[in-house]
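For reference, my_file34.csv is printed below; it contains CSV, C-alpha atoms.
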```csv
chain,number,residue,atom,x,y,z
A,17,MET,CA,8.3,15.4,-6.3
A,18,ALA,CA,6.9,18.2,-4.1
A,19,VAL,CA,4.1,17.1,-1.9
A,20,ASP,CA,0.7,18.8,-2.4
A,21,TYR,CA,-0.6,17.9,1.0
A,22,PRO,CA,-4.2,19.0,0.6
A,23,ALA,CA,-4.3,17.0,-2.7
A,24,LEU,CA,-2.8,14.0,-0.9
A,25,LEU,CA,-5.5,14.1,1.7
A,26,HIS,CA,-8.2,14.5,-1.0
A,27,ASP,CA,-6.8,11.3,-2.7
A,28,LEU,CA,-6.8,9.4,0.6
A,29,ARG,CA,-10.4,10.5,1.3
A,30,GLY,CA,-11.5,9.3,-2.2
A,31,GLU,CA,-9.8,6.0,-1.9
A,32,SER,CA,-11.4,5.5,1.6
A,33,ASP,CA,-14.8,6.3,0.1
A,34,ALA,CA,-14.3,3.8,-2.7
A,35,ILE,CA,-13.7,1.0,-0.3
A,36,ARG,CA,-16.5,1.9,2.1
A,37,ASP,CA,-19.0,2.1,-0.7
A,38,VAL,CA,-18.1,-1.5,-1.7
A,39,LEU,CA,-18.1,-2.8,1.9
A,40,THR,CA,-21.5,-1.2,2.6
A,41,ASP,CA,-23.2,-3.4,-0.1
A,42,LEU,CA,-21.7,-6.7,1.1
A,43,GLU,CA,-23.8,-9.4,2.7
A,44,PRO,CA,-22.3,-10.9,6.0
A,45,PRO,CA,-21.1,-14.1,4.3
A,46,GLN,CA,-19.1,-12.2,1.7
A,47,TRP,CA,-16.9,-10.7,4.5
A,48,GLU,CA,-15.5,-14.2,5.1
A,49,THR,CA,-14.5,-14.7,1.4
A,50,PRO,CA,-10.8,-15.5,1.0
A,51,THR,CA,-8.8,-12.7,-0.7
A,52,PRO,CA,-5.6,-13.1,-2.8
A,53,ALA,CA,-3.6,-12.5,0.4
A,54,GLU,CA,-3.1,-16.0,1.7
A,55,GLY,CA,-5.0,-16.7,4.9
A,56,TRP,CA,-6.8,-13.4,4.8
A,57,SER,CA,-10.5,-12.8,4.2
A,58,ILE,CA,-12.2,-9.5,3.3
A,59,ARG,CA,-12.8,-9.0,7.1
A,60,ASP,CA,-9.1,-9.3,7.7
A,61,GLN,CA,-8.2,-6.7,5.1
A,62,VAL,CA,-10.6,-4.3,6.8
A,63,SER,CA,-9.5,-4.9,10.4
A,64,HIS,CA,-5.9,-4.4,9.2
A,65,LEU,CA,-6.7,-1.0,7.8
A,66,ALA,CA,-8.7,0.0,10.9
A,67,TYR,CA,-6.1,-1.1,13.4
A,68,PHE,CA,-3.2,0.7,11.7
A,69,ASP,CA,-5.4,3.8,11.1
A,70,ASP,CA,-5.8,4.0,14.9
A,71,ALA,CA,-2.0,3.4,15.3
A,72,ALA,CA,-1.2,6.3,13.0
A,73,VAL,CA,-3.5,8.6,15.0
A,74,THR,CA,-1.8,7.5,18.2
A,75,ALA,CA,1.6,8.2,16.6
A,76,MET,CA,0.5,11.8,15.8
A,77,SER,CA,-1.1,12.5,19.2
A,78,ASP,CA,0.9,10.5,21.7
A,79,ALA,CA,4.3,9.3,20.4
A,80,ASP,CA,5.4,7.7,23.7
A,81,THR,CA,2.3,5.5,23.9
A,82,PHE,CA,2.7,4.6,20.2
A,83,ARG,CA,6.3,3.5,20.8
A,84,ARG,CA,5.3,1.3,23.8
A,85,GLU,CA,2.4,-0.3,21.8
A,86,ALA,CA,4.5,-0.8,18.7
A,87,THR,CA,7.4,-2.4,20.6
A,88,ALA,CA,5.0,-4.8,22.3
A,89,LEU,CA,3.4,-5.7,19.0
A,90,MET,CA,6.6,-6.2,17.0
A,91,ALA,CA,8.0,-8.3,19.9
A,92,ARG,CA,5.3,-10.9,19.0
A,93,GLY,CA,7.2,-11.7,15.7
A,94,GLU,CA,7.5,-10.5,12.1
A,95,ASN,CA,4.0,-12.0,11.4
A,96,PHE,CA,2.4,-9.4,13.7
A,97,PRO,CA,0.0,-8.3,10.9
A,98,ASP,CA,-1.4,-11.9,10.8
A,99,LEU,CA,-1.7,-11.8,14.6
A,100,VAL,CA,-3.7,-8.6,14.4
A,101,ALA,CA,-6.0,-10.1,11.8
A,102,GLU,CA,-6.6,-13.2,14.0
A,103,GLU,CA,-7.3,-11.1,17.1
A,104,TYR,CA,-10.2,-9.2,15.5
A,105,ARG,CA,-12.0,-12.1,13.8
A,106,HIS,CA,-14.6,-12.2,16.6
A,107,LEU,CA,-16.1,-8.8,15.6
A,108,THR,CA,-19.5,-8.8,13.9
A,109,VAL,CA,-19.6,-7.4,10.4
A,110,GLY,CA,-21.5,-4.3,11.7
A,111,ASP,CA,-19.0,-3.6,14.4
A,112,LEU,CA,-16.1,-4.1,11.9
A,113,LEU,CA,-17.6,-1.7,9.4
A,114,THR,CA,-18.3,0.9,12.1
A,115,TRP,CA,-14.7,0.5,13.4
A,116,PHE,CA,-13.2,1.1,9.9
A,117,SER,CA,-15.5,4.1,9.2
A,118,GLU,CA,-14.8,5.8,12.6
A,119,SER,CA,-11.1,5.0,12.5
A,120,ARG,CA,-10.7,6.3,9.0
A,121,ALA,CA,-12.7,9.5,9.8
A,122,GLY,CA,-10.4,10.0,12.8
A,123,LEU,CA,-7.3,9.5,10.7
A,124,LEU,CA,-8.4,12.0,8.1
A,125,ASP,CA,-9.2,14.5,10.8
A,126,ALA,CA,-5.8,14.0,12.5
A,127,PHE,CA,-3.9,14.4,9.2
A,128,ALA,CA,-5.8,17.7,8.5
A,129,ALA,CA,-5.0,19.0,12.0
A,130,ASN,CA,-1.3,18.2,12.0
A,131,ASP,CA,1.6,20.0,10.3
A,132,SER,CA,2.6,17.9,7.3
A,133,ARG,CA,6.3,18.3,8.3
A,134,LYS,CA,5.9,17.1,11.8
A,135,ARG,CA,8.0,13.9,12.6
A,136,ILE,CA,6.2,10.9,14.1
A,137,PRO,CA,7.3,7.4,15.0
A,138,TRP,CA,6.3,4.3,13.1
A,139,TYR,CA,7.2,0.6,12.9
A,140,GLY,CA,10.7,1.4,11.8
A,141,PRO,CA,12.3,4.8,11.1
A,142,GLU,CA,10.2,7.8,12.0
A,143,MET,CA,8.6,9.8,9.2
A,144,SER,CA,6.8,13.1,8.5
A,145,VAL,CA,3.1,13.3,8.8
A,146,ALA,CA,3.0,13.8,5.0
A,147,SER,CA,4.9,10.5,4.5
A,148,SER,CA,2.5,8.8,6.9
A,149,ALA,CA,-0.5,10.0,4.9
A,150,THR,CA,1.2,8.7,1.7
A,151,ALA,CA,1.8,5.3,3.4
A,152,ARG,CA,-1.8,5.2,4.5
A,153,LEU,CA,-2.9,5.9,1.0
A,154,MET,CA,-0.7,3.1,-0.3
A,155,GLU,CA,-2.0,0.7,2.3
A,156,THR,CA,-5.6,1.7,1.6
A,157,TRP,CA,-5.1,1.2,-2.2
A,158,ALA,CA,-3.3,-2.1,-1.8
A,159,HIS,CA,-5.7,-3.7,0.6
A,160,GLY,CA,-8.6,-2.2,-1.3
A,161,GLN,CA,-7.2,-3.9,-4.4
A,162,ASP,CA,-7.4,-7.3,-2.7
A,163,ILE,CA,-11.0,-6.6,-1.8
A,164,PHE,CA,-11.8,-5.4,-5.4
A,165,ASP,CA,-10.1,-8.5,-6.9
A,166,THR,CA,-12.0,-10.8,-4.6
A,167,LEU,CA,-15.3,-9.3,-5.6
A,168,GLY,CA,-14.5,-9.0,-9.3
A,169,VAL,CA,-15.0,-5.2,-9.1
A,170,ILE,CA,-12.9,-2.7,-11.0
A,171,HIS,CA,-10.7,-0.5,-8.8
A,172,PRO,CA,-11.6,3.1,-9.8
A,173,PRO,CA,-8.6,5.0,-11.2
A,174,SER,CA,-7.2,7.8,-9.1
A,175,ALA,CA,-4.7,10.6,-9.2
A,176,GLY,CA,-3.5,9.2,-5.9
A,177,LEU,CA,-1.6,6.6,-7.9
A,178,ARG,CA,1.1,9.2,-8.5
A,179,SER,CA,1.9,9.4,-4.8
A,180,ILE,CA,1.9,5.6,-4.5
A,181,ALA,CA,4.2,5.3,-7.5
A,182,HIS,CA,6.5,7.9,-6.1
A,183,LEU,CA,6.7,5.8,-2.9
A,184,GLY,CA,7.5,2.8,-5.0
A,185,VAL,CA,10.3,4.6,-6.7
A,186,SER,CA,11.6,6.1,-3.4
A,187,THR,CA,11.9,2.6,-1.9
A,188,PHE,CA,14.3,1.3,-4.6
A,189,ALA,CA,17.2,1.1,-2.2
A,190,PHE,CA,15.0,-0.2,0.6
A,191,SER,CA,13.7,-3.1,-1.5
A,192,HIS,CA,17.3,-4.2,-2.3
A,193,THR,CA,18.5,-3.9,1.3
A,194,LEU,CA,15.4,-5.7,2.6
A,195,ASN,CA,16.3,-8.7,0.3
A,196,ASP,CA,20.0,-8.7,1.3
A,197,ARG,CA,21.1,-7.3,-2.1
A,198,ALA,CA,23.6,-4.6,-2.9
A,199,VAL,CA,21.9,-1.4,-3.9
A,200,PRO,CA,22.8,-0.8,-7.6
A,201,ALA,CA,24.7,2.3,-8.4
A,202,GLU,CA,23.1,2.6,-11.8
A,203,PRO,CA,19.9,4.8,-11.8
A,204,VAL,CA,16.6,3.6,-13.2
A,205,ARG,CA,14.3,5.9,-15.3
A,206,VAL,CA,10.6,5.3,-14.6
A,207,GLU,CA,8.0,6.6,-17.0
A,208,LEU,CA,4.4,5.9,-16.3
A,209,GLN,CA,1.2,6.6,-18.1
A,210,ALA,CA,-1.3,8.5,-15.9
A,211,PRO,CA,-4.8,7.0,-15.7
A,212,ASP,CA,-7.4,8.6,-17.8
A,213,SER,CA,-5.0,11.2,-19.4
A,214,SER,CA,-2.1,11.5,-21.7
A,215,GLU,CA,0.2,12.7,-18.9
A,216,ILE,CA,3.5,10.9,-18.3
A,217,TRP,CA,4.8,10.7,-14.7
A,218,SER,CA,8.5,10.3,-14.6
A,219,TRP,CA,11.4,9.8,-12.2
A,220,GLY,CA,15.2,9.4,-12.7
A,221,PRO,CA,17.5,10.7,-15.4
A,222,GLU,CA,16.3,10.7,-19.0
A,223,THR,CA,19.6,9.2,-20.1
A,224,ALA,CA,19.4,6.2,-17.8
A,225,GLU,CA,20.2,2.8,-19.4
A,226,HIS,CA,17.8,1.0,-17.2
A,227,ARG,CA,14.1,1.9,-17.5
A,228,VAL,CA,10.7,0.9,-16.4
A,229,THR,CA,7.8,2.1,-18.5
A,230,GLY,CA,4.0,1.4,-18.8
A,231,PRO,CA,0.7,2.2,-17.0
A,232,ALA,CA,0.9,3.8,-13.6
A,233,ALA,CA,-1.7,1.4,-12.2
A,234,ASP,CA,0.5,-1.6,-13.3
A,235,PHE,CA,3.6,-0.1,-11.6
A,236,VAL,CA,1.6,0.4,-8.4
A,237,LEU,CA,0.3,-3.2,-8.5
A,238,VAL,CA,3.9,-4.4,-8.7
A,239,VAL,CA,5.4,-2.2,-6.0
A,240,THR,CA,2.5,-3.1,-3.6
A,241,GLN,CA,3.0,-6.8,-4.6
A,242,ARG,CA,-0.5,-7.2,-5.8
A,243,ARG,CA,0.6,-8.4,-9.3
A,244,ASN,CA,3.5,-10.3,-10.7
A,245,PHE,CA,5.4,-8.1,-13.1
A,246,SER,CA,4.8,-10.7,-15.8
A,247,ASP,CA,1.0,-10.1,-15.5
A,248,THR,CA,1.3,-6.4,-16.3
A,249,ALA,CA,1.9,-4.2,-19.4
A,250,LEU,CA,5.1,-2.8,-17.8
A,251,GLU,CA,8.3,-3.1,-19.7
A,252,ALA,CA,11.7,-3.2,-18.0
A,253,GLU,CA,14.9,-2.5,-20.0
A,254,GLY,CA,18.3,-3.4,-18.4
A,255,VAL,CA,19.2,-5.9,-15.8
A,256,VAL,CA,18.8,-3.4,-12.9
A,257,ALA,CA,15.3,-2.5,-13.8
A,258,GLN,CA,14.4,-6.2,-14.5
A,259,SER,CA,15.8,-7.3,-11.1
A,260,TRP,CA,14.1,-4.5,-9.2
A,261,MET,CA,10.7,-5.4,-10.6
A,262,GLY,CA,11.1,-8.9,-9.0
A,263,ILE,CA,11.6,-7.5,-5.5
A,264,ALA,CA,10.0,-4.0,-5.5
A,265,GLN,CA,8.2,-3.4,-2.2
A,266,ALA,CA,6.7,0.0,-1.2
A,267,TYR,CA,5.6,-1.0,2.3
A,268,ALA,CA,7.6,-1.6,5.5
A,269,GLY,CA,8.1,-5.0,7.1
A,270,ALA,CA,9.6,-8.3,6.2
A,271,PRO,CA,10.2,-9.1,2.5
A,272,GLY,CA,6.9,-9.9,0.9
A,273,PRO,CA,6.5,-13.1,-1.1
A,274,GLY,CA,4.8,-11.2,-4.0
A,275,ARG,CA,2.2,-12.8,-6.2
A,276,SER,CA,2.8,-15.8,-8.5
A,277,ARG,CA,2.7,-15.4,-12.3
A,278,SER,CA,-0.7,-16.3,-13.7
A,279,SER,CA,-1.0,-19.5,-15.8
A,280,ALA,CA,-1.7,-17.3,-18.9
A,281,ALA,CA,1.6,-15.4,-18.5
A,282,ILE,CA,3.5,-18.6,-18.0
A,283,ALA,CA,2.0,-20.2,-21.1
A,284,THR,CA,2.7,-17.3,-23.3
A,285,GLY,CA,6.1,-16.5,-21.9
A,286,GLU,CA,5.3,-12.9,-21.2
A,287,ASN,CA,8.2,-10.8,-19.9
A,288,SER,CA,10.4,-13.8,-19.7
```

Would you write out, as structure tokens, the structure that this file holds?
Amino acid sequence: MAVDYPALLHDLRGESDAIRDVLTDLEPPQWETPTPAEGWSIRDQVSHLAYFDDAAVTAMSDADTFRREATALMARGENFPDLVAEEYRHLTVGDLLTWFSESRAGLLDAFAANDSRKRIPWYGPEMSVASSATARLMETWAHGQDIFDTLGVIHPPSAGLRSIAHLGVSTFAFSHTLNDRAVPAEPVRVELQAPDSSEIWSWGPETAEHRVTGPAADFVLVVTQRRNFSDTALEAEGVVAQSWMGIAQAYAGAPGPGRSRSSAAIATGENS
């Protein structure tokens, strides 16, 4: 899928605005509400986004400084995101919202000012600026989903789901390697229903025996590990597709534990 960089930044800006609009209306006690991510409150979701927004800006502007800071952070252990969350729990709600707003504005400005093809470092292999923007969109959507779920608010549909779904498909081999599994040779066809339209987004050969089909939002929920596959309207045909949906992970880092099946899905035997 060719990258439409201006459209990608437009989607990132829209997702950023959606989260900020929700956060602005929260009372201080609500920021301490536990989210579906174990051990993380709403405030932790926000500090996570702000911290790594700043890190992305540093990666674009001063690669050597980023590498030093990233090396020091990762040396603290694989749970370094939890350590970041703990480190900023002293911030007031006002300071935290200001940090997120200013960091996100700086991130968007940096993406707009840089060549989308420029290579920059990250917490793993280096990537292009366009890939970094896609990753920030994915992170924003995923952590925003935790916030929306916590508050019982519907996550607004977005064309940005296509970029996140593409990332989910692109990390097929990564997900298997991360979980110490051989990367299957058989291809998987992915066909997703775009939100609010009849358009179908597709990847992989049409003749593939193994297939994943269903709503784009559900696929993104699975590859960001915000929903168990059994709690979605996705269908997986073939053992490769079925196995992949159990380990799919569109973000870097240690293998994620995923989300447990809901009691309703277990009771009805959905996707079993």

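Interatomic distance, atom CA of A:Arg84 to atom CA of A:Gly269: 18.1 Å.
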
Could you pull the residues within 10 Å of A:Met90, counting only C-alpha atoms, minus those fewer than 6 positions along the same chain, as JSON, numbers by chain? {"A": [96, 97, 139]}

Excluding A:Ala34 and any residue of its chain fewer than 2 positions from it, enumerate the residues within 10 Å of it, using all atoms listed in the file, and give them as a VMD selection string. chain A and resid 28 to 32 36 to 39 156 to 157 160 164 171 to 172

Can you tell me, as a PyMOL selection string, what residues are no more than 10 Å from stretch 123-132 of chain A when counting only C-alpha atoms, ignoring any on the same chain fewer than 4 positions away? chain A and resi 19-22+25-26+28-29+32+66+68-74+76-77+117-119+144-149+152

Writer output for current selection, C-alpha atoms, as an mmCIF file, keeping the file's coordinate frame:
```cif
data_model
loop_
_atom_site.group_PDB
_atom_site.id
_atom_site.type_symbol
_atom_site.label_atom_id
_atom_site.label_comp_id
_atom_site.auth_asym_id
_atom_site.auth_seq_id
_atom_site.Cartn_x
_atom_site.Cartn_y
_atom_site.Cartn_z
ATOM 1 C CA VAL A 19 4.100 17.100 -1.900
ATOM 2 C CA ASP A 20 0.700 18.800 -2.400
ATOM 3 C CA TYR A 21 -0.600 17.900 1.000
ATOM 4 C CA PRO A 22 -4.200 19.000 0.600
ATOM 5 C CA LEU A 25 -5.500 14.100 1.700
ATOM 6 C CA HIS A 26 -8.200 14.500 -1.000
ATOM 7 C CA LEU A 28 -6.800 9.400 0.600
ATOM 8 C CA ARG A 29 -10.400 10.500 1.300
ATOM 9 C CA SER A 32 -11.400 5.500 1.600
ATOM 10 C CA ALA A 66 -8.700 0.000 10.900
ATOM 11 C CA PHE A 68 -3.200 0.700 11.700
ATOM 12 C CA ASP A 69 -5.400 3.800 11.100
ATOM 13 C CA ASP A 70 -5.800 4.000 14.900
ATOM 14 C CA ALA A 71 -2.000 3.400 15.300
ATOM 15 C CA ALA A 72 -1.200 6.300 13.000
ATOM 16 C CA VAL A 73 -3.500 8.600 15.000
ATOM 17 C CA THR A 74 -1.800 7.500 18.200
ATOM 18 C CA MET A 76 0.500 11.800 15.800
ATOM 19 C CA SER A 77 -1.100 12.500 19.200
ATOM 20 C CA SER A 117 -15.500 4.100 9.200
ATOM 21 C CA GLU A 118 -14.800 5.800 12.600
ATOM 22 C CA SER A 119 -11.100 5.000 12.500
ATOM 23 C CA SER A 144 6.800 13.100 8.500
ATOM 24 C CA VAL A 145 3.100 13.300 8.800
ATOM 25 C CA ALA A 146 3.000 13.800 5.000
ATOM 26 C CA SER A 147 4.900 10.500 4.500
ATOM 27 C CA SER A 148 2.500 8.800 6.900
ATOM 28 C CA ALA A 149 -0.500 10.000 4.900
ATOM 29 C CA ARG A 152 -1.800 5.200 4.500
#
```

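When atom CA of A:Ala181 is paired with atom CA of A:Val236, their separation reads 5.6 Å.
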
Selection as a PDB file with C-alpha atoms, in the coordinates of the input: residues within 10 Å of (2.6, -5.9, -12.5), counting all atoms listed in the file:
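result.pdb, freshly written:
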```
ATOM      1  CA  GLY A 230       4.000   1.400 -18.800  1.00  0.00           C
ATOM      2  CA  PRO A 231       0.700   2.200 -17.000  1.00  0.00           C
ATOM      3  CA  ALA A 232       0.900   3.800 -13.600  1.00  0.00           C
ATOM      4  CA  ALA A 233      -1.700   1.400 -12.200  1.00  0.00           C
ATOM      5  CA  ASP A 234       0.500  -1.600 -13.300  1.00  0.00           C
ATOM      6  CA  PHE A 235       3.600  -0.100 -11.600  1.00  0.00           C
ATOM      7  CA  VAL A 236       1.600   0.400  -8.400  1.00  0.00           C
ATOM      8  CA  LEU A 237       0.300  -3.200  -8.500  1.00  0.00           C
ATOM      9  CA  VAL A 238       3.900  -4.400  -8.700  1.00  0.00           C
ATOM     10  CA  VAL A 239       5.400  -2.200  -6.000  1.00  0.00           C
ATOM     11  CA  THR A 240       2.500  -3.100  -3.600  1.00  0.00           C
ATOM     12  CA  GLN A 241       3.000  -6.800  -4.600  1.00  0.00           C
ATOM     13  CA  ARG A 242      -0.500  -7.200  -5.800  1.00  0.00           C
ATOM     14  CA  ARG A 243       0.600  -8.400  -9.300  1.00  0.00           C
ATOM     15  CA  ASN A 244       3.500 -10.300 -10.700  1.00  0.00           C
ATOM     16  CA  PHE A 245       5.400  -8.100 -13.100  1.00  0.00           C
ATOM     17  CA  SER A 246       4.800 -10.700 -15.800  1.00  0.00           C
ATOM     18  CA  ASP A 247       1.000 -10.100 -15.500  1.00  0.00           C
ATOM     19  CA  THR A 248       1.300  -6.400 -16.300  1.00  0.00           C
ATOM     20  CA  ALA A 249       1.900  -4.200 -19.400  1.00  0.00           C
ATOM     21  CA  LEU A 250       5.100  -2.800 -17.800  1.00  0.00           C
ATOM     22  CA  GLU A 251       8.300  -3.100 -19.700  1.00  0.00           C
ATOM     23  CA  MET A 261      10.700  -5.400 -10.600  1.00  0.00           C
ATOM     24  CA  GLY A 262      11.100  -8.900  -9.000  1.00  0.00           C
ATOM     25  CA  ARG A 275       2.200 -12.800  -6.200  1.00  0.00           C
ATOM     26  CA  ARG A 277       2.700 -15.400 -12.300  1.00  0.00           C
TER      27      ARG A 277
END
```

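Rounded to one decimal, atom CA of A:Ala79 and atom CA of A:Asp33 lie 28.0 Å from each other.
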
Which is closer to A:Val206 than all the others in A:Glu222, A:Val185, A:Ile35, A:Val228, using all atoms listed in the file? A:Val228

Have a look at A:Ala189, A:Leu42, A:Ala210, A:Val109 and name the one nearest to A:Ser63; count all atoms listed in the file. A:Val109

Incomplete stretch 179-190 of chain A filled out to N, CA and C atoms as a PDB file, in the coordinates of the input:
```pdb
ATOM      1  N   SER A 179       1.188   9.439  -6.095  1.00  0.00           N
ATOM      2  CA  SER A 179       1.900   9.400  -4.800  1.00  0.00           C
ATOM      3  C   SER A 179       2.347   8.032  -4.429  1.00  0.00           C
ATOM      4  N   ILE A 180       1.539   7.013  -4.765  1.00  0.00           N
ATOM      5  CA  ILE A 180       1.900   5.600  -4.500  1.00  0.00           C
ATOM      6  C   ILE A 180       3.104   5.219  -5.351  1.00  0.00           C
ATOM      7  N   ALA A 181       3.056   5.619  -6.622  1.00  0.00           N
ATOM      8  CA  ALA A 181       4.200   5.300  -7.500  1.00  0.00           C
ATOM      9  C   ALA A 181       5.447   5.996  -7.057  1.00  0.00           C
ATOM     10  N   HIS A 182       5.333   7.226  -6.579  1.00  0.00           N
ATOM     11  CA  HIS A 182       6.500   7.900  -6.100  1.00  0.00           C
ATOM     12  C   HIS A 182       7.097   7.171  -4.874  1.00  0.00           C
ATOM     13  N   LEU A 183       6.234   6.646  -4.018  1.00  0.00           N
ATOM     14  CA  LEU A 183       6.700   5.800  -2.900  1.00  0.00           C
ATOM     15  C   LEU A 183       7.404   4.583  -3.398  1.00  0.00           C
ATOM     16  N   GLY A 184       6.843   3.985  -4.456  1.00  0.00           N
ATOM     17  CA  GLY A 184       7.500   2.800  -5.000  1.00  0.00           C
ATOM     18  C   GLY A 184       8.848   3.083  -5.586  1.00  0.00           C
ATOM     19  N   VAL A 185       9.025   4.247  -6.211  1.00  0.00           N
ATOM     20  CA  VAL A 185      10.300   4.600  -6.700  1.00  0.00           C
ATOM     21  C   VAL A 185      11.288   4.950  -5.565  1.00  0.00           C
ATOM     22  N   SER A 186      10.778   5.632  -4.553  1.00  0.00           N
ATOM     23  CA  SER A 186      11.600   6.100  -3.400  1.00  0.00           C
ATOM     24  C   SER A 186      12.132   4.875  -2.606  1.00  0.00           C
ATOM     25  N   THR A 187      11.462   3.732  -2.678  1.00  0.00           N
ATOM     26  CA  THR A 187      11.900   2.600  -1.900  1.00  0.00           C
ATOM     27  C   THR A 187      12.766   1.612  -2.716  1.00  0.00           C
ATOM     28  N   PHE A 188      13.365   2.130  -3.781  1.00  0.00           N
ATOM     29  CA  PHE A 188      14.300   1.300  -4.600  1.00  0.00           C
ATOM     30  C   PHE A 188      15.408   0.734  -3.764  1.00  0.00           C
ATOM     31  N   ALA A 189      16.116   1.589  -3.019  1.00  0.00           N
ATOM     32  CA  ALA A 189      17.200   1.100  -2.200  1.00  0.00           C
ATOM     33  C   ALA A 189      16.710   0.190  -1.076  1.00  0.00           C
ATOM     34  N   PHE A 190      15.607   0.581  -0.446  1.00  0.00           N
ATOM     35  CA  PHE A 190      15.000  -0.200   0.600  1.00  0.00           C
ATOM     36  C   PHE A 190      14.703  -1.631   0.160  1.00  0.00           C
TER      37      PHE A 190
END
```
